[in-house]
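For reference, the structure discussed in these notes is given below.
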Amino acid sequence: MLALRLEVQRAGFRLEAALECVAGPTLVLGPNGAGKTTLLRAILGALPVQQGELRLGGRVLFDTRTRIDVPTEDRRIGWVPQEYALFPHLSVADNVAFGARGEGTERVRRVQALLDRLALGALAGRRPAELSGGERQKVALARALAADPEALLLDEPLAALDARTREATREFLARMLRELAIPSLVVTHDVGDAEALDAPVVLLEHGRVVASAPFKTLRAEPPTGFARDFVQNRVKPT
Amino acid sequence: MSRPPALARALAILPALAALGMLLLLVLPLVALVLSTSGADFIDGLRHPLAVAALKLSLLTTTITLVLTLLLGTPLAWWLARHDGWPERVLSTLVQLPIVIPPAVSGLALLLAFGRRGLLGPWLERMGWSLPFTTAAVVVAELFVSSPFFIQSAVAAFRRLDDELLTVASTLGAGPARRFFRVALPLTAPGLGTGAALSWARALGEFGATLMFAGNLSGRTQTLPLAIYTALETDLRPAKALSLLLVLVALAVLLPLGHTFFVGDLRARPAS
């Protein structure tokens with residue numbers, strides 16, 4: 001369980017979000033500028049949070065009252081950023097091994113198992129610059145999973161892919177995230193992604209959570225006019 | 001109304017003549033140096049006792065300077081590159097000043113800071129140290145004039161680094177040291193290398209500040225440029241040989257950097 005109540009104040013923008021995410025994927029939906037990426041970065045500890053608390057499993061990662069602020073490297077939250085940010089100087093195998101848990105042979109086995117699971121074995125020696133968009137996304141996912149995270153954050157994991165790769169990757173991602181059984185927040189501004197993943201949805205607008213429900217419920221009974229327009233795909237991403 | 005063809009032709013030649021004049025001025029002195037030094041002169045000059053001592057001292061001091069520049073300059077450059085407040089901007093300008101201020105001013109400033117009656121002089125004296133006119137003073141002078149070249153390159157390289165790579169590294173459990181050595185350093189190595197080479201070349205050629213702050217004592221503070229200056233008054237051969245040597249070293253530093261240095265293409269490899 002990932003539970004949070006966070007307030008972030010940045011130049012000209014304020015985010016106020018309270019969420020509880022169970023194991024499995026949760027979609028963070030909203031138009032550009034709604035605060036989706038800010039929310040993920042706040043959870044990672046990659047930007048200053050003014051107030052609130054963040055718990056993951058039994059651990060308190062952030063709490064302004066008790067002044068707990070666990071550094072990013074100790075939070076054990078996996079991160080797949082929008083452009084994947086693969087280490088350009090390392091091979092696919094070394095990217096995946098970068099944060100791999102375990103020692104010696106156990107570590108090597110872990111990396112190999114992930115490469116095999118994501119069908120990346122044949123690319124192990126390649127550099128990120130030699131990969132396609134879909135392959136990069138898989139490497140970024142494998143790299144995050146190798147560190148054995150307790151939660152996973154994916155920022156627009158499909159946005160950088162062309163339409164055909166996107167369809168195939170959607171299915172793969174939906175299956176993968178369900179199998180993982182850890183809280184995974186998937187940011188998207190594309191309602192199609194939400195339909196494919198069929199997961200609980202958190203709808204953000206202007207830095208606030210305006211709806212929190214399964215996607216099907218949200219579409220059947222949109223709580224606000226904005227929610228209705230958005231899930232019916234009438235609000236185009238800007 | 002069109003100009004007479006003869007005048008138009010003459011005007012068209014003017015820029016070419018100007019360029020030729022500039023080129024001559026830049027290249028002719030170096031050509032003269034090469035032409036006036038025969039192979040035998042070069043070898044003899046380098047064997048001169050003055051040259052041998054200066055060569056040893058220059059290699060020693062510039063090596064120490066380079067190591068200190070990397071050890072002290074890298075953290076400073078990192079800090080300057082990763083912060084964007086007004087103090088960092090003011091400091092960025094300040095640390096570049098030694099690049100443009102005249103060497104004599106650098107020498108005087110060093111004396112006023114570390115000299116016997118300088119800012120830190122009395123304190124250094126109580127500790128039993130006297131810096132001016134020692135080999136250590138040569139290193140301090142070289143550090144003062146040359147390290148800004150490295151710092152400038154390093155700041156530029158660190159600024160081009162994609163922040164997201166460092167954030168990802170943190171989420172993978174990497175603390176500050178691992179993020180720096182496994183991610184930042186390999187990706188900025190070309191920029192840091194260029195800076196280190198330029199900075200070393202500048203230290204090797206340092207003359208004015210060294211003369212004023214460290215003096216011209218053979219074997220202790222007489223580096224290659226000072227030995228050339230001294231030899232001019234007695235025996236021209238070591239002066240010419242050492243000069244030619246410094247030109248060759250400068251070429252050896254510039255040629256590998258050639259492309260990046262002149263074209264200004266110092267971009268780190270693009271992040272994927």
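By convention here, the chains of the structure tokens are called A, B, ... in the order presented, each chain's residues are numbered starting at 1, and ligands are numbered starting at 1 in the order presented.
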Each residue of chain B lying at most 12 Å from chain A should get a row with its shortest atom-to-atom pair and the distance in Å to one decimal, counting only C-alpha atoms; could you produce that, ordered by chain and increasing number, as CSV?
residue,atom,partner,partner_atom,distance
B:Leu161,CA,A:Phe87,CA,11.3
B:Asp162,CA,A:Ala85,CA,8.4
B:Asp163,CA,A:Ala85,CA,9.3
B:Glu164,CA,A:Ala85,CA,6.3
B:Leu165,CA,A:Ala85,CA,5.6
B:Leu166,CA,A:Ala85,CA,9.2
B:Thr167,CA,A:Ala46,CA,6.9
B:Val168,CA,A:Trp79,CA,6.5
B:Ala169,CA,A:Gly99,CA,7.7
B:Ser170,CA,A:Glu73,CA,4.5
B:Thr171,CA,A:Glu73,CA,5.1
B:Leu172,CA,A:Gly99,CA,4.6
B:Gly173,CA,A:Glu73,CA,4.1
B:Ala174,CA,A:Glu73,CA,5.7
B:Gly175,CA,A:Glu73,CA,6.1
B:Pro176,CA,A:Glu73,CA,9.1
B:Ala177,CA,A:Glu73,CA,11.7
B:Arg178,CA,A:Phe98,CA,10.2
B:Arg179,CA,A:Glu73,CA,10.2
B:Arg182,CA,A:Phe98,CA,9.0
B:Val183,CA,A:Phe87,CA,7.4
B:Ala184,CA,A:Phe87,CA,10.1
B:Leu185,CA,A:His89,CA,10.6
B:Pro186,CA,A:His89,CA,7.3
B:Leu187,CA,A:His89,CA,6.9
B:Thr188,CA,A:His89,CA,10.6
B:Ala189,CA,A:His89,CA,11.1
B:Ala268,CA,A:Pro88,CA,10.4
B:Arg269,CA,A:Pro88,CA,7.7
B:Pro270,CA,A:Pro88,CA,7.7
B:Ala271,CA,A:Pro88,CA,5.7
B:Ser272,CA,A:Pro88,CA,5.9
Using the selection just defined, write its residues with N, CA and C atoms as an mmCIF file, in the first residue's frame.
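Writing the result to out-v6.cif gives the following:
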data_model
loop_
_atom_site.group_PDB
_atom_site.id
_atom_site.type_symbol
_atom_site.label_atom_id
_atom_site.label_comp_id
_atom_site.auth_asym_id
_atom_site.auth_seq_id
_atom_site.Cartn_x
_atom_site.Cartn_y
_atom_site.Cartn_z
ATOM 1 N N LEU B 161 24.908 18.036 -18.385
ATOM 2 C CA LEU B 161 24.506 16.701 -17.932
ATOM 3 C C LEU B 161 22.994 16.661 -17.712
ATOM 4 N N ASP B 162 22.333 15.610 -18.203
ATOM 5 C CA ASP B 162 20.888 15.465 -18.051
ATOM 6 C C ASP B 162 20.551 15.096 -16.599
ATOM 7 N N ASP B 163 19.827 15.993 -15.925
ATOM 8 C CA ASP B 163 19.464 15.788 -14.520
ATOM 9 C C ASP B 163 18.704 14.480 -14.291
ATOM 10 N N GLU B 164 17.904 14.124 -15.291
ATOM 11 C CA GLU B 164 17.060 12.942 -15.134
ATOM 12 C C GLU B 164 17.907 11.679 -14.895
ATOM 13 N N LEU B 165 19.101 11.643 -15.510
ATOM 14 C CA LEU B 165 19.972 10.479 -15.330
ATOM 15 C C LEU B 165 20.376 10.345 -13.861
ATOM 16 N N LEU B 166 20.615 11.486 -13.212
ATOM 17 C CA LEU B 166 21.016 11.452 -11.806
ATOM 18 C C LEU B 166 19.830 11.065 -10.923
ATOM 19 N N THR B 167 18.631 11.557 -11.287
ATOM 20 C CA THR B 167 17.438 11.181 -10.517
ATOM 21 C C THR B 167 17.205 9.677 -10.626
ATOM 22 N N VAL B 168 17.315 9.154 -11.852
ATOM 23 C CA VAL B 168 17.130 7.709 -12.042
ATOM 24 C C VAL B 168 18.152 6.936 -11.207
ATOM 25 N N ALA B 169 19.396 7.392 -11.232
ATOM 26 C CA ALA B 169 20.439 6.707 -10.455
ATOM 27 C C ALA B 169 20.084 6.695 -8.971
ATOM 28 N N SER B 170 19.536 7.799 -8.458
ATOM 29 C CA SER B 170 19.123 7.820 -7.042
ATOM 30 C C SER B 170 18.045 6.786 -6.790
ATOM 31 N N THR B 171 17.059 6.711 -7.700
ATOM 32 C CA THR B 171 15.971 5.761 -7.457
ATOM 33 C C THR B 171 16.490 4.323 -7.505
ATOM 34 N N LEU B 172 17.667 4.133 -8.106
ATOM 35 C CA LEU B 172 18.260 2.788 -8.161
ATOM 36 C C LEU B 172 19.188 2.555 -6.974
ATOM 37 N N GLY B 173 19.098 3.435 -5.983
ATOM 38 C CA GLY B 173 19.849 3.232 -4.745
ATOM 39 C C GLY B 173 21.227 3.864 -4.722
ATOM 40 N N ALA B 174 21.580 4.633 -5.762
ATOM 41 C CA ALA B 174 22.917 5.225 -5.814
ATOM 42 C C ALA B 174 22.971 6.509 -4.986
ATOM 43 N N GLY B 175 23.897 6.561 -4.035
ATOM 44 C CA GLY B 175 24.117 7.768 -3.242
ATOM 45 C C GLY B 175 24.928 8.774 -4.051
ATOM 46 N N PRO B 176 25.234 9.939 -3.445
ATOM 47 C CA PRO B 176 25.919 11.000 -4.191
ATOM 48 C C PRO B 176 27.240 10.554 -4.836
ATOM 49 N N ALA B 177 28.058 9.785 -4.129
ATOM 50 C CA ALA B 177 29.358 9.382 -4.668
ATOM 51 C C ALA B 177 29.188 8.485 -5.882
ATOM 52 N N ARG B 178 28.273 7.516 -5.778
ATOM 53 C CA ARG B 178 28.069 6.582 -6.888
ATOM 54 C C ARG B 178 27.465 7.309 -8.086
ATOM 55 N N ARG B 179 26.545 8.231 -7.817
ATOM 56 C CA ARG B 179 25.954 9.004 -8.924
ATOM 57 C C ARG B 179 27.047 9.773 -9.657
ATOM 58 N N ARG B 182 29.776 6.959 -11.289
ATOM 59 C CA ARG B 182 29.256 6.025 -12.288
ATOM 60 C C ARG B 182 28.477 6.701 -13.409
ATOM 61 N N VAL B 183 27.899 7.881 -13.111
ATOM 62 C CA VAL B 183 27.068 8.530 -14.129
ATOM 63 C C VAL B 183 27.683 9.855 -14.603
ATOM 64 N N ALA B 184 27.869 10.776 -13.670
ATOM 65 C CA ALA B 184 28.301 12.124 -14.077
ATOM 66 C C ALA B 184 29.699 12.108 -14.692
ATOM 67 N N LEU B 185 30.631 11.456 -14.034
ATOM 68 C CA LEU B 185 32.026 11.500 -14.492
ATOM 69 C C LEU B 185 32.229 10.874 -15.877
ATOM 70 N N PRO B 186 31.727 9.649 -16.116
ATOM 71 C CA PRO B 186 31.934 9.081 -17.465
ATOM 72 C C PRO B 186 31.302 9.928 -18.566
ATOM 73 N N LEU B 187 30.158 10.567 -18.271
ATOM 74 C CA LEU B 187 29.460 11.322 -19.313
ATOM 75 C C LEU B 187 30.087 12.690 -19.558
ATOM 76 N N THR B 188 30.837 13.201 -18.582
ATOM 77 C CA THR B 188 31.430 14.525 -18.759
ATOM 78 C C THR B 188 32.933 14.430 -19.012
ATOM 79 N N ALA B 189 33.451 13.188 -19.085
ATOM 80 C CA ALA B 189 34.901 12.999 -19.224
ATOM 81 C C ALA B 189 35.512 13.787 -20.401
ATOM 82 N N ALA B 268 28.270 16.938 -24.602
ATOM 83 C CA ALA B 268 28.400 15.559 -24.127
ATOM 84 C C ALA B 268 27.536 14.714 -25.047
ATOM 85 N N ARG B 269 27.772 13.411 -25.059
ATOM 86 C CA ARG B 269 26.933 12.556 -25.888
ATOM 87 C C ARG B 269 25.479 12.755 -25.494
ATOM 88 N N PRO B 270 24.586 12.815 -26.459
ATOM 89 C CA PRO B 270 23.191 13.065 -26.102
ATOM 90 C C PRO B 270 22.638 11.930 -25.256
ATOM 91 N N ALA B 271 21.834 12.302 -24.263
ATOM 92 C CA ALA B 271 21.180 11.276 -23.437
ATOM 93 C C ALA B 271 20.120 10.606 -24.283
ATOM 94 N N SER B 272 19.998 9.307 -24.144
ATOM 95 C CA SER B 272 18.986 8.626 -24.955
ATOM 96 C C SER B 272 17.625 8.799 -24.312
#
Q) Excluding same-chain residues fewer than 6 positions from A:Leu123, what lies within 10 Å of it counting only C-alpha atoms, as a VMD selection string? A) chain A and resid 91 to 93 115 130 to 131 135 139
For the residues in the current selection, export N, CA and C atoms as an mmCIF file, in the first residue's frame.
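Heads up, here's the output in out_18.cif:
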data_model
loop_
_atom_site.group_PDB
_atom_site.id
_atom_site.type_symbol
_atom_site.label_atom_id
_atom_site.label_comp_id
_atom_site.auth_asym_id
_atom_site.auth_seq_id
_atom_site.Cartn_x
_atom_site.Cartn_y
_atom_site.Cartn_z
ATOM 1 N N SER A 91 25.946 -0.419 -21.469
ATOM 2 C CA SER A 91 25.207 -1.373 -22.303
ATOM 3 C C SER A 91 23.852 -1.658 -21.652
ATOM 4 N N VAL A 92 22.987 -2.324 -22.384
ATOM 5 C CA VAL A 92 21.679 -2.715 -21.860
ATOM 6 C C VAL A 92 21.863 -3.502 -20.555
ATOM 7 N N ALA A 93 22.762 -4.496 -20.582
ATOM 8 C CA ALA A 93 22.976 -5.334 -19.387
ATOM 9 C C ALA A 93 23.471 -4.483 -18.213
ATOM 10 N N LEU A 115 16.356 -9.781 -18.028
ATOM 11 C CA LEU A 115 16.601 -9.629 -19.465
ATOM 12 C C LEU A 115 15.801 -10.674 -20.240
ATOM 13 N N GLU A 130 21.354 2.472 -29.781
ATOM 14 C CA GLU A 130 21.108 1.512 -30.868
ATOM 15 C C GLU A 130 19.739 0.832 -30.743
ATOM 16 N N LEU A 131 18.917 1.268 -29.764
ATOM 17 C CA LEU A 131 17.650 0.572 -29.524
ATOM 18 C C LEU A 131 16.469 1.343 -30.092
ATOM 19 N N GLU A 135 12.089 -0.976 -27.283
ATOM 20 C CA GLU A 135 13.172 -1.679 -26.576
ATOM 21 C C GLU A 135 13.695 -0.841 -25.412
ATOM 22 N N VAL A 139 13.953 -1.770 -21.407
ATOM 23 C CA VAL A 139 15.205 -1.689 -20.638
ATOM 24 C C VAL A 139 14.987 -0.837 -19.394
#
Per residue of stretch 33-141 of chain A within 12 Å of stretch 190-202 of chain A, record the nearest atom pair and its distance in Å to one decimal, counting only C-alpha atoms, with rows in chain order and ascending residue number, as CSV.
residue,atom,partner,partner_atom,distance
A:Ala34,CA,A:Val202,CA,11.6
A:Gly35,CA,A:Val202,CA,11.8
A:Lys36,CA,A:Val202,CA,9.9
A:Leu39,CA,A:Val202,CA,11.5
For N, CA and C atoms, I'd like the residues from the last selection saved as a short mmCIF file (atom, residue, chain, number, x, y, z; two decimals), in the first residue's frame.
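Output below, filename selection_12.cif:
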data_model
loop_
_atom_site.label_atom_id
_atom_site.label_comp_id
_atom_site.auth_asym_id
_atom_site.auth_seq_id
_atom_site.Cartn_x
_atom_site.Cartn_y
_atom_site.Cartn_z
N ALA A 34 -1.47 19.37 -15.37
CA ALA A 34 -2.36 19.09 -14.23
C ALA A 34 -1.57 18.78 -12.96
N GLY A 35 -0.27 18.45 -13.11
CA GLY A 35 0.55 18.16 -11.94
C GLY A 35 0.91 16.69 -11.82
N LYS A 36 0.75 15.93 -12.90
CA LYS A 36 1.01 14.48 -12.83
C LYS A 36 2.48 14.19 -12.55
N LEU A 39 3.58 15.24 -9.15
CA LEU A 39 3.17 14.28 -8.13
C LEU A 39 4.18 13.13 -8.03
#
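Each of A:Pro214, A:Gly104, A:Gly58, A:Gly207 was compared to A:Val231 using only C-alpha atoms, and A:Pro214 turns out to be the nearest.
If you look at atom CA of B:Gln222 and atom CA of B:Leu30, they are 23.5 Å away from each other.
The coordinates place atom CA of A:Ala163 at 19.6 Å from atom CA of A:Leu141.
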(Q) Residues near B:Leu232, anyone? I mean within 12 Å using only C-alpha atoms, not counting same-chain ones fewer than 5 positions away, as a ChimeraX atom specification. (A) /B:50,225-227,237-243
